[in-house]
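Everything below belongs to query-v8.cif, which stores mmCIF, C-alpha atoms and all ligand atoms.
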```cif
data_model
loop_
_atom_site.label_atom_id
_atom_site.label_comp_id
_atom_site.auth_asym_id
_atom_site.auth_seq_id
_atom_site.Cartn_x
_atom_site.Cartn_y
_atom_site.Cartn_z
CA MET N 1 -44.04 -28.77 -1.98
CA ALA N 2 -46.25 -28.22 1.05
CA ARG N 3 -45.66 -25.18 3.25
CA ILE N 4 -46.04 -24.68 7.01
CA CYS N 5 -48.27 -21.63 7.65
CA MET N 6 -46.71 -19.76 10.54
CA ASP N 7 -49.54 -17.22 10.93
CA GLN N 8 -52.06 -19.99 11.35
CA ILE N 9 -49.79 -21.89 13.75
CA GLU N 10 -49.59 -18.76 15.92
CA GLU N 11 -53.36 -18.29 15.83
CA VAL N 12 -54.22 -21.91 16.60
CA SER N 13 -51.61 -22.04 19.38
CA GLU N 14 -52.95 -18.86 21.01
CA PHE N 15 -56.46 -20.28 20.80
CA LEU N 16 -55.44 -23.63 22.35
CA LYS N 17 -53.62 -21.84 25.14
CA GLY N 18 -56.83 -20.19 26.33
CA VAL N 19 -59.56 -22.67 25.49
CA GLN N 20 -60.98 -25.24 27.89
CA LEU N 21 -60.14 -28.65 26.41
CA GLU N 22 -62.38 -31.63 26.87
CA PHE N 23 -59.32 -33.64 27.77
CA ARG N 24 -60.22 -36.89 29.46
CA GLY N 25 -56.92 -38.73 29.09
CA MET N 26 -58.06 -41.91 27.38
CA ASP N 27 -57.23 -44.93 29.54
CA TRP N 28 -57.66 -47.58 26.80
CA CYS N 29 -60.18 -49.50 28.91
CA GLY N 30 -63.88 -50.17 28.35
CA ASP N 31 -65.58 -52.92 26.41
CA ALA N 32 -63.37 -52.54 23.32
CA PHE N 33 -60.22 -53.39 25.26
CA PRO N 34 -59.03 -56.01 27.78
CA PRO N 35 -60.16 -55.33 31.34
CA PRO N 36 -57.60 -53.83 33.73
CA HIS N 37 -55.05 -56.29 35.11
CA HIS N 38 -56.01 -59.00 32.68
CA PRO N 39 -53.02 -61.24 31.89
CA GLY N 40 -53.05 -60.84 28.10
CA ALA N 41 -53.54 -57.07 27.84
CA VAL N 42 -49.95 -56.27 26.80
CA HIS N 43 -50.06 -58.89 24.03
CA PHE N 44 -53.38 -57.53 22.81
CA PHE N 45 -52.05 -53.99 22.45
CA PHE N 46 -48.81 -55.11 20.77
CA PHE N 47 -50.83 -57.01 18.18
CA LEU N 48 -53.51 -54.34 17.73
CA MET N 49 -51.01 -51.59 16.94
CA LEU N 50 -49.07 -53.92 14.65
CA HIS N 51 -52.10 -53.88 12.35
CA ASP N 52 -53.40 -50.37 13.00
CA TYR N 53 -53.21 -49.03 9.45
CA GLY N 54 -54.88 -48.89 6.04
CA PHE N 55 -58.60 -48.89 6.84
CA TRP N 56 -59.80 -47.54 3.51
CA LEU N 57 -60.52 -48.69 -0.01
CA GLY N 58 -59.09 -47.25 -3.21
CA ASP N 59 -59.47 -47.76 -6.96
CA ASP N 60 -57.36 -46.96 -10.04
CA PHE N 61 -57.97 -43.26 -9.56
CA GLY N 62 -57.62 -42.81 -5.80
CA TYR N 63 -59.58 -42.84 -2.55
CA VAL N 64 -63.00 -44.53 -2.49
CA ARG N 65 -64.20 -44.83 1.11
CA PRO N 66 -63.32 -45.96 4.64
CA ILE N 67 -63.80 -49.61 5.63
CA TYR N 68 -66.90 -50.36 7.70
CA GLY N 69 -68.01 -53.61 9.30
CA THR N 70 -70.40 -55.01 11.87
CA ILE N 71 -69.45 -56.68 15.15
CA ASN N 72 -72.26 -58.20 17.20
CA GLY N 73 -74.77 -56.26 15.08
CA ILE N 74 -73.16 -52.82 15.59
CA GLU N 75 -71.44 -50.99 12.75
CA TYR N 76 -67.87 -49.78 13.30
CA LYS N 77 -65.40 -47.92 11.13
CA GLY N 78 -61.67 -48.33 10.53
CA SER N 79 -59.54 -48.85 13.60
CA ASP N 80 -62.62 -49.20 15.83
CA LEU N 81 -63.68 -52.14 13.67
CA LEU N 82 -60.27 -53.81 13.97
CA THR N 83 -60.24 -53.27 17.74
CA ARG N 84 -63.68 -54.80 18.19
CA ALA N 85 -62.85 -57.73 15.93
CA LEU N 86 -59.66 -58.49 17.86
CA LYS N 87 -61.40 -58.06 21.19
CA LYS N 88 -63.72 -60.92 20.20
CA VAL N 89 -60.68 -63.10 19.52
CA TYR N 90 -59.21 -62.02 22.84
CA ASP N 91 -62.40 -62.88 24.73
CA THR N 92 -62.39 -66.36 23.18
CA ASP N 93 -58.79 -67.06 24.22
CA TRP N 94 -56.33 -64.26 24.96
CA LYS N 95 -53.43 -66.70 24.44
CA ASN N 96 -54.11 -66.35 20.69
CA PHE N 97 -51.97 -63.21 20.92
CA LEU N 98 -48.90 -64.91 22.36
CA PRO N 99 -45.91 -64.66 20.00
CA HIS N 100 -45.39 -68.43 19.68
CA ARG N 101 -48.94 -68.85 18.40
CA LEU N 102 -48.66 -65.88 16.05
CA SER N 103 -45.38 -67.19 14.62
CA VAL N 104 -47.20 -70.15 13.09
CA ILE N 105 -50.63 -68.65 12.49
CA LEU N 106 -52.38 -70.03 9.44
CA HIS N 107 -53.82 -68.02 6.58
CA ARG N 108 -57.33 -69.15 7.42
CA GLY N 109 -56.89 -68.36 11.13
CA LEU N 110 -55.87 -64.76 10.53
CA ARG N 111 -58.41 -64.17 7.78
CA TYR N 112 -61.47 -65.97 9.14
CA GLU N 113 -60.96 -65.71 12.90
CA PHE N 114 -58.93 -62.54 13.57
CA PHE N 115 -59.77 -60.09 10.77
CA ARG N 116 -63.47 -60.82 10.44
CA ASP N 117 -66.75 -59.14 11.24
CA ASP N 118 -70.23 -60.63 11.56
CA LYS N 119 -70.38 -61.34 7.82
CA GLY N 120 -66.90 -62.67 7.11
CA PRO N 121 -63.37 -61.39 6.35
CA ILE N 122 -62.81 -57.62 6.62
CA PRO N 123 -61.56 -56.38 3.21
CA LEU N 124 -58.09 -55.22 4.30
CA PHE N 125 -56.08 -54.33 1.22
CA ASP N 126 -52.88 -56.23 1.96
CA PHE N 127 -53.86 -59.41 3.70
CA MET N 128 -50.80 -61.43 2.58
CA GLN N 129 -48.45 -58.76 3.88
CA ARG N 130 -50.30 -58.75 7.21
CA LEU N 131 -49.96 -62.53 7.42
CA HIS N 132 -46.24 -62.32 6.70
CA THR N 133 -45.77 -59.50 9.26
CA THR N 134 -47.69 -61.41 11.93
CA ARG N 135 -45.53 -64.52 11.54
CA LYS N 136 -42.32 -62.47 11.49
CA TYR N 137 -43.45 -60.56 14.59
CA GLY N 138 -44.17 -63.78 16.49
CA SER N 139 -40.97 -65.48 15.33
CA TRP N 140 -38.85 -62.50 16.37
CA PHE N 141 -39.88 -63.03 20.00
CA VAL N 142 -39.70 -66.82 19.81
CA PHE N 143 -36.15 -66.88 18.38
CA ARG N 144 -34.93 -64.44 21.02
CA LYS N 145 -36.74 -66.29 23.83
CA THR N 146 -38.27 -63.01 24.92
CA LEU N 147 -41.70 -61.41 25.28
CA PRO N 148 -43.26 -57.94 24.98
CA ASP N 149 -43.21 -57.76 28.81
CA ASP N 150 -39.39 -57.96 28.69
CA ILE N 151 -39.30 -54.89 26.45
CA LEU N 152 -41.43 -53.06 29.00
CA ARG N 153 -39.35 -54.23 31.94
CA ARG N 154 -36.14 -53.00 30.31
CA ALA N 155 -37.80 -49.70 29.37
CA ASN N 156 -39.10 -49.13 32.90
CA GLU N 157 -35.63 -49.77 34.33
CA ALA N 158 -34.07 -47.21 31.98
CA LYS N 159 -33.45 -43.56 32.84
CA GLU N 160 -35.65 -42.54 29.93
CA PRO N 161 -38.35 -45.25 29.72
CA LEU N 162 -40.19 -43.87 26.68
CA ARG N 163 -37.00 -43.42 24.71
CA SER N 164 -35.84 -46.93 25.64
CA PHE N 165 -39.22 -48.40 24.67
CA LEU N 166 -39.16 -46.65 21.29
CA GLU N 167 -35.60 -47.79 20.61
CA GLN N 168 -36.44 -51.40 21.43
CA ILE N 169 -39.76 -51.60 19.62
CA LYS N 170 -38.24 -50.17 16.45
CA LYS N 171 -36.33 -53.45 16.04
CA VAL N 172 -39.47 -55.60 16.11
CA PRO N 173 -40.82 -56.66 12.68
CA GLY N 174 -43.87 -54.61 11.78
CA TYR N 175 -42.72 -51.72 13.95
CA ASP N 176 -39.50 -51.15 12.02
CA GLN N 177 -40.54 -49.22 8.91
CA ASP N 178 -42.12 -45.87 9.70
CA PRO N 179 -39.60 -43.04 10.24
CA LEU N 180 -42.24 -41.11 12.22
CA GLU N 181 -43.07 -44.23 14.31
CA LYS N 182 -46.79 -43.54 14.39
CA ARG N 183 -47.93 -47.01 15.53
CA ASN N 184 -44.96 -47.28 17.91
CA MET N 185 -45.96 -44.01 19.61
CA LEU N 186 -49.60 -45.06 19.77
CA LEU N 187 -48.60 -48.34 21.40
CA ALA N 188 -46.48 -46.44 23.92
CA MET N 189 -49.40 -44.11 24.64
CA ALA N 190 -51.84 -46.98 25.24
CA LEU N 191 -49.40 -48.82 27.52
CA ALA N 192 -48.55 -45.65 29.44
CA ASN N 193 -52.19 -44.62 29.92
CA ARG N 194 -53.63 -47.98 30.95
CA PRO N 195 -54.48 -48.22 34.67
CA GLU N 196 -51.65 -50.77 35.08
CA ARG N 197 -49.14 -48.16 33.80
CA PHE N 198 -47.37 -50.84 31.79
CA LEU N 199 -44.97 -48.15 30.58
CA ARG N 200 -43.97 -45.67 33.25
CA VAL N 201 -42.99 -42.61 31.24
CA ALA N 202 -40.66 -40.30 33.13
CA ASP N 203 -39.39 -38.56 30.00
CA SER N 204 -42.43 -36.79 28.51
CA ARG N 205 -40.17 -34.70 26.29
CA ASN N 206 -39.70 -37.80 24.12
CA TRP N 207 -43.36 -37.86 23.01
CA ARG N 208 -43.75 -36.85 19.37
CA PRO N 209 -46.88 -36.11 17.30
CA ILE N 210 -48.66 -39.23 16.07
CA ILE N 211 -49.26 -38.49 12.40
CA ASP N 212 -51.97 -40.51 10.71
CA TYR N 213 -54.43 -39.66 7.95
CA HIS N 214 -56.97 -38.05 10.30
CA LEU N 215 -54.41 -35.63 11.68
CA MET N 216 -53.16 -34.78 8.20
CA ARG N 217 -56.72 -34.13 6.95
CA LEU N 218 -57.41 -31.87 9.91
CA ALA N 219 -54.11 -30.01 9.67
CA LEU N 220 -54.75 -29.26 5.99
CA ARG N 221 -58.35 -28.16 6.57
CA VAL N 222 -57.46 -26.01 9.57
CA GLY N 223 -54.74 -24.43 7.43
CA LEU N 224 -51.66 -25.33 9.47
CA VAL N 225 -50.04 -26.67 6.31
CA GLU N 226 -50.79 -25.40 2.81
CA LEU N 227 -50.28 -27.27 -0.45
CA SER N 228 -48.93 -25.95 -3.74
CA ARG N 229 -51.45 -25.14 -6.49
CA GLN N 230 -50.68 -28.37 -8.39
CA GLU N 231 -50.99 -30.42 -5.21
CA ILE N 232 -54.35 -28.85 -4.33
CA ALA N 233 -55.87 -29.94 -7.66
CA LYS N 234 -54.94 -33.59 -7.00
CA ASN N 235 -55.71 -33.40 -3.31
CA VAL N 236 -59.30 -32.20 -3.63
CA GLN N 237 -59.98 -34.93 -6.21
CA ARG N 238 -58.61 -37.48 -3.72
CA ALA N 239 -56.27 -38.88 -6.36
CA TRP N 240 -53.21 -41.05 -5.61
CA VAL N 241 -50.00 -39.22 -4.79
CA GLY N 242 -46.41 -40.47 -4.93
CA ASP N 243 -44.24 -41.31 -1.94
CA GLU N 244 -42.27 -38.05 -2.10
CA ALA N 245 -45.39 -35.89 -1.98
CA GLU N 246 -46.85 -37.94 0.87
CA ARG N 247 -43.63 -37.84 2.87
CA ASP N 248 -43.37 -34.08 2.39
CA ILE N 249 -46.92 -33.43 3.61
CA ARG N 250 -46.58 -35.82 6.54
CA LEU N 251 -43.28 -34.32 7.70
CA LYS N 252 -44.67 -30.78 7.41
CA VAL N 253 -47.78 -31.72 9.42
CA CYS N 254 -45.54 -33.34 12.05
CA GLU N 255 -43.41 -30.22 12.26
CA ALA N 256 -46.47 -27.94 12.36
CA LEU N 257 -48.01 -29.90 15.23
CA ARG N 258 -44.73 -29.96 17.11
CA MET N 259 -44.71 -26.15 16.85
CA VAL N 260 -48.33 -25.94 18.05
CA MET N 261 -47.41 -28.09 21.07
CA GLU N 262 -44.47 -25.88 21.87
CA LYS N 263 -46.25 -22.55 21.39
CA SER N 264 -49.51 -23.50 23.06
CA GLY N 265 -47.87 -25.34 25.96
CA ARG N 266 -50.25 -28.24 25.38
CA SER N 267 -48.92 -31.76 25.83
CA LEU N 268 -48.90 -34.37 23.11
CA MET N 269 -51.71 -36.20 24.92
CA GLU N 270 -53.87 -33.06 24.99
CA LEU N 271 -53.24 -32.13 21.36
CA ASP N 272 -53.62 -35.67 20.07
CA GLU N 273 -56.87 -36.29 21.91
CA THR N 274 -58.25 -32.88 20.85
CA MET N 275 -57.53 -33.61 17.19
CA TRP N 276 -58.72 -37.20 17.52
CA MET N 277 -62.07 -35.94 18.88
CA ALA N 278 -62.27 -33.22 16.20
CA ARG N 279 -61.91 -35.81 13.43
CA LYS N 280 -65.46 -36.98 14.17
CA TYR N 281 -66.78 -33.59 13.08
CA CYS N 282 -64.47 -33.42 10.08
CA PRO N 283 -64.97 -36.83 8.45
CA GLU N 284 -63.89 -38.21 5.11
CA MET N 285 -67.25 -38.73 3.41
CA SER N 286 -69.72 -36.17 4.74
CA GLU N 287 -69.78 -32.41 5.27
CA PRO N 288 -67.83 -31.20 8.31
CA ASP N 289 -69.94 -30.21 11.30
CA CYS N 290 -67.96 -27.05 12.11
CA PRO N 291 -70.22 -25.60 14.82
CA ARG N 292 -69.54 -28.68 16.99
CA CYS N 293 -65.79 -28.71 16.35
CA ILE N 294 -63.36 -27.14 18.81
CA PHE N 295 -61.31 -25.60 15.99
CA ASN N 296 -64.32 -23.71 14.60
CA PRO N 297 -63.22 -20.22 15.76
CA VAL N 298 -59.75 -20.47 14.20
CA CYS N 299 -60.12 -22.97 11.37
CA GLU N 300 -59.67 -21.82 7.77
CA LYS N 301 -62.33 -24.36 6.78
CA LEU N 302 -60.56 -25.64 3.69
CA THR N 303 -63.10 -28.41 3.76
CA GLU N 304 -62.24 -29.91 0.38
CA ARG N 305 -58.70 -30.68 1.47
CA PHE N 306 -57.99 -34.33 2.12
CA GLN N 307 -55.24 -36.50 3.52
CA PRO N 308 -52.65 -37.61 0.94
CA VAL N 309 -53.99 -40.71 -0.78
CA PHE N 310 -51.15 -43.16 -0.44
CA ARG N 311 -50.82 -46.82 0.54
CA THR N 312 -48.58 -47.35 3.51
CA THR N 313 -48.34 -49.61 6.52
CA ALA N 314 -47.37 -46.60 8.67
CA TYR N 315 -50.91 -45.40 9.42
S1 LIG Y 1 -64.94 -29.60 11.33
FE1 LIG Y 1 -64.84 -27.57 10.43
S2 LIG Y 1 -63.86 -26.33 12.00
FE2 LIG Y 1 -63.42 -28.46 12.50
S3 LIG Y 1 -61.44 -28.90 11.51
FE3 LIG Y 1 -63.08 -29.50 10.10
S4 LIG Y 1 -63.35 -27.75 8.77
FE4 LIG Y 1 -62.27 -27.04 10.59
#
```

Take the structure in this file and express it as structure tokens.
Ligand code: SF4
Amino acid sequence: MARICMDQIEEVSEFLKGVQLEFRGMDWCGDAFPPPHHPGAVHFFFFLMLHDYGFWLGDDFGYVRPIYGTINGIEYKGSDLLTRALKKVYDTDWKNFLPHRLSVILHRGLRYEFFRDDKGPIPLFDFMQRLHTTRKYGSWFVFRKTLPDDILRRANEAKEPLRSFLEQIKKVPGYDQDPLEKRNMLLAMALANRPERFLRVADSRNWRPIIDYHLMRLALRVGLVELSRQEIAKNVQRAWVGDEAERDIRLKVCEALRMVMEKSGRSLMELDETMWMARKYCPEMSEPDCPRCIFNPVCEKLTERFQPVFRTTAY
């Protein structure tokens, strides 16, 4: 079983309390995303987060490497690649993301038009499941004669808009599996931070840590969560782990980050963006660049630690 390291949580929290964060408050605009006040932006984000998981390749033994691809001649990795690929689809015709179109999308449409880079289909590991999820997602809205905007309208009318949004989105196919609601929270964050303020969060206390594989890798390397001796052996070899081991690590990382938020007084947005930026210096395949990383002064530098290697649609 993994263990939360209280001493390290105290140290990291104290450090974050005093340090100047490079917090910019990402607004989810720029050339990778729909322009502000564009009519299809909400549909784009609902679809993007629906598929925001699993950007790595494995073999019989375990982890092999992240997925890379090229869009308009520029190489992108993982979720950046998916975002750029979908933005191209959006720029061609944003109505491609309307639920009624997605409910009847064809295999070849999703594979060769949506999930493709300059050279052809992106090698996502579970294409058939993604196809099934996309159709179910679209059909869910069609059968109920509703749209993502209706979810937002109801949420914004509620006393606790974020809570209402999370409760509603958890019923939508593709957003209904993860107990930690990683993609659901990320969708809420994007919609809340866009200039349009699609989601007007008045209940910040309902934000929870967004636990994906980057955050787990960082938390283990920084030393917020420690693994048992048996787990370490598997972890540093990047070998597959079972669902119980993965769930245990993920829940402990979530709890550890919740404690860091509480003790440091930093908001979810601040902590999430700080860790998201730090991941660039602490990548999967090359040596960490500790001198450039904000956690350098307090990190335990357990640089061989890795995220649990486990296939999931949660992150
Ligand atoms: S880059 Fe270095 S200092 Fe930063 S989290 Fe990774 S191991 Fe720690």

Of N:Phe306, N:Tyr281, N:Tyr315, N:Trp140, the one sitting nearest ligand LIG 1 (chain Y) when using all atoms listed in the file is N:Tyr281

Please check which protein, DNA or RNA residues sit within 10 Å of ligand LIG 1 (chain Y), counting only C-alpha atoms and all ligand atoms, and write them as number ranges by chain.
N: 215, 217-223, 275, 277-283, 287-305

Selected residue, from N:Asp91, N:Asp178, N:Asp117, N:Asp80, that lies nearest to Leu251 in chain N when counting all atoms listed in the file:
N:Asp178

Could you list, as a ChimeraX atom specification, every residue within 8 Å of range 20-25 of chain N, counting all atoms listed in the file and ignoring same-chain residues fewer than 6 positions away?
/N:193,269-270,273-274

Go ahead and write the selection's residues with C-alpha atoms as a compact mmCIF listing (two decimals), keeping the file's coordinate frame.
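Dumped to part-v8.txt:
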```txt
# COMPACT_ATOMS: atom_id res chain seq x y z
CA ASN N 193 -52.19 -44.62 29.92
CA MET N 269 -51.71 -36.20 24.92
CA GLU N 270 -53.87 -33.06 24.99
CA GLU N 273 -56.87 -36.29 21.91
CA THR N 274 -58.25 -32.88 20.85
```

Under the rule that all atoms listed in the file are counted, which of N:Leu227, N:Lys77, N:Arg3, N:Pro121 is the nearest residue to Arg108 in chain N?
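Checking each of N:Leu227, N:Lys77, N:Arg3, N:Pro121 against Arg108 in chain N, counting all atoms listed in the file, the winner is N:Pro121.
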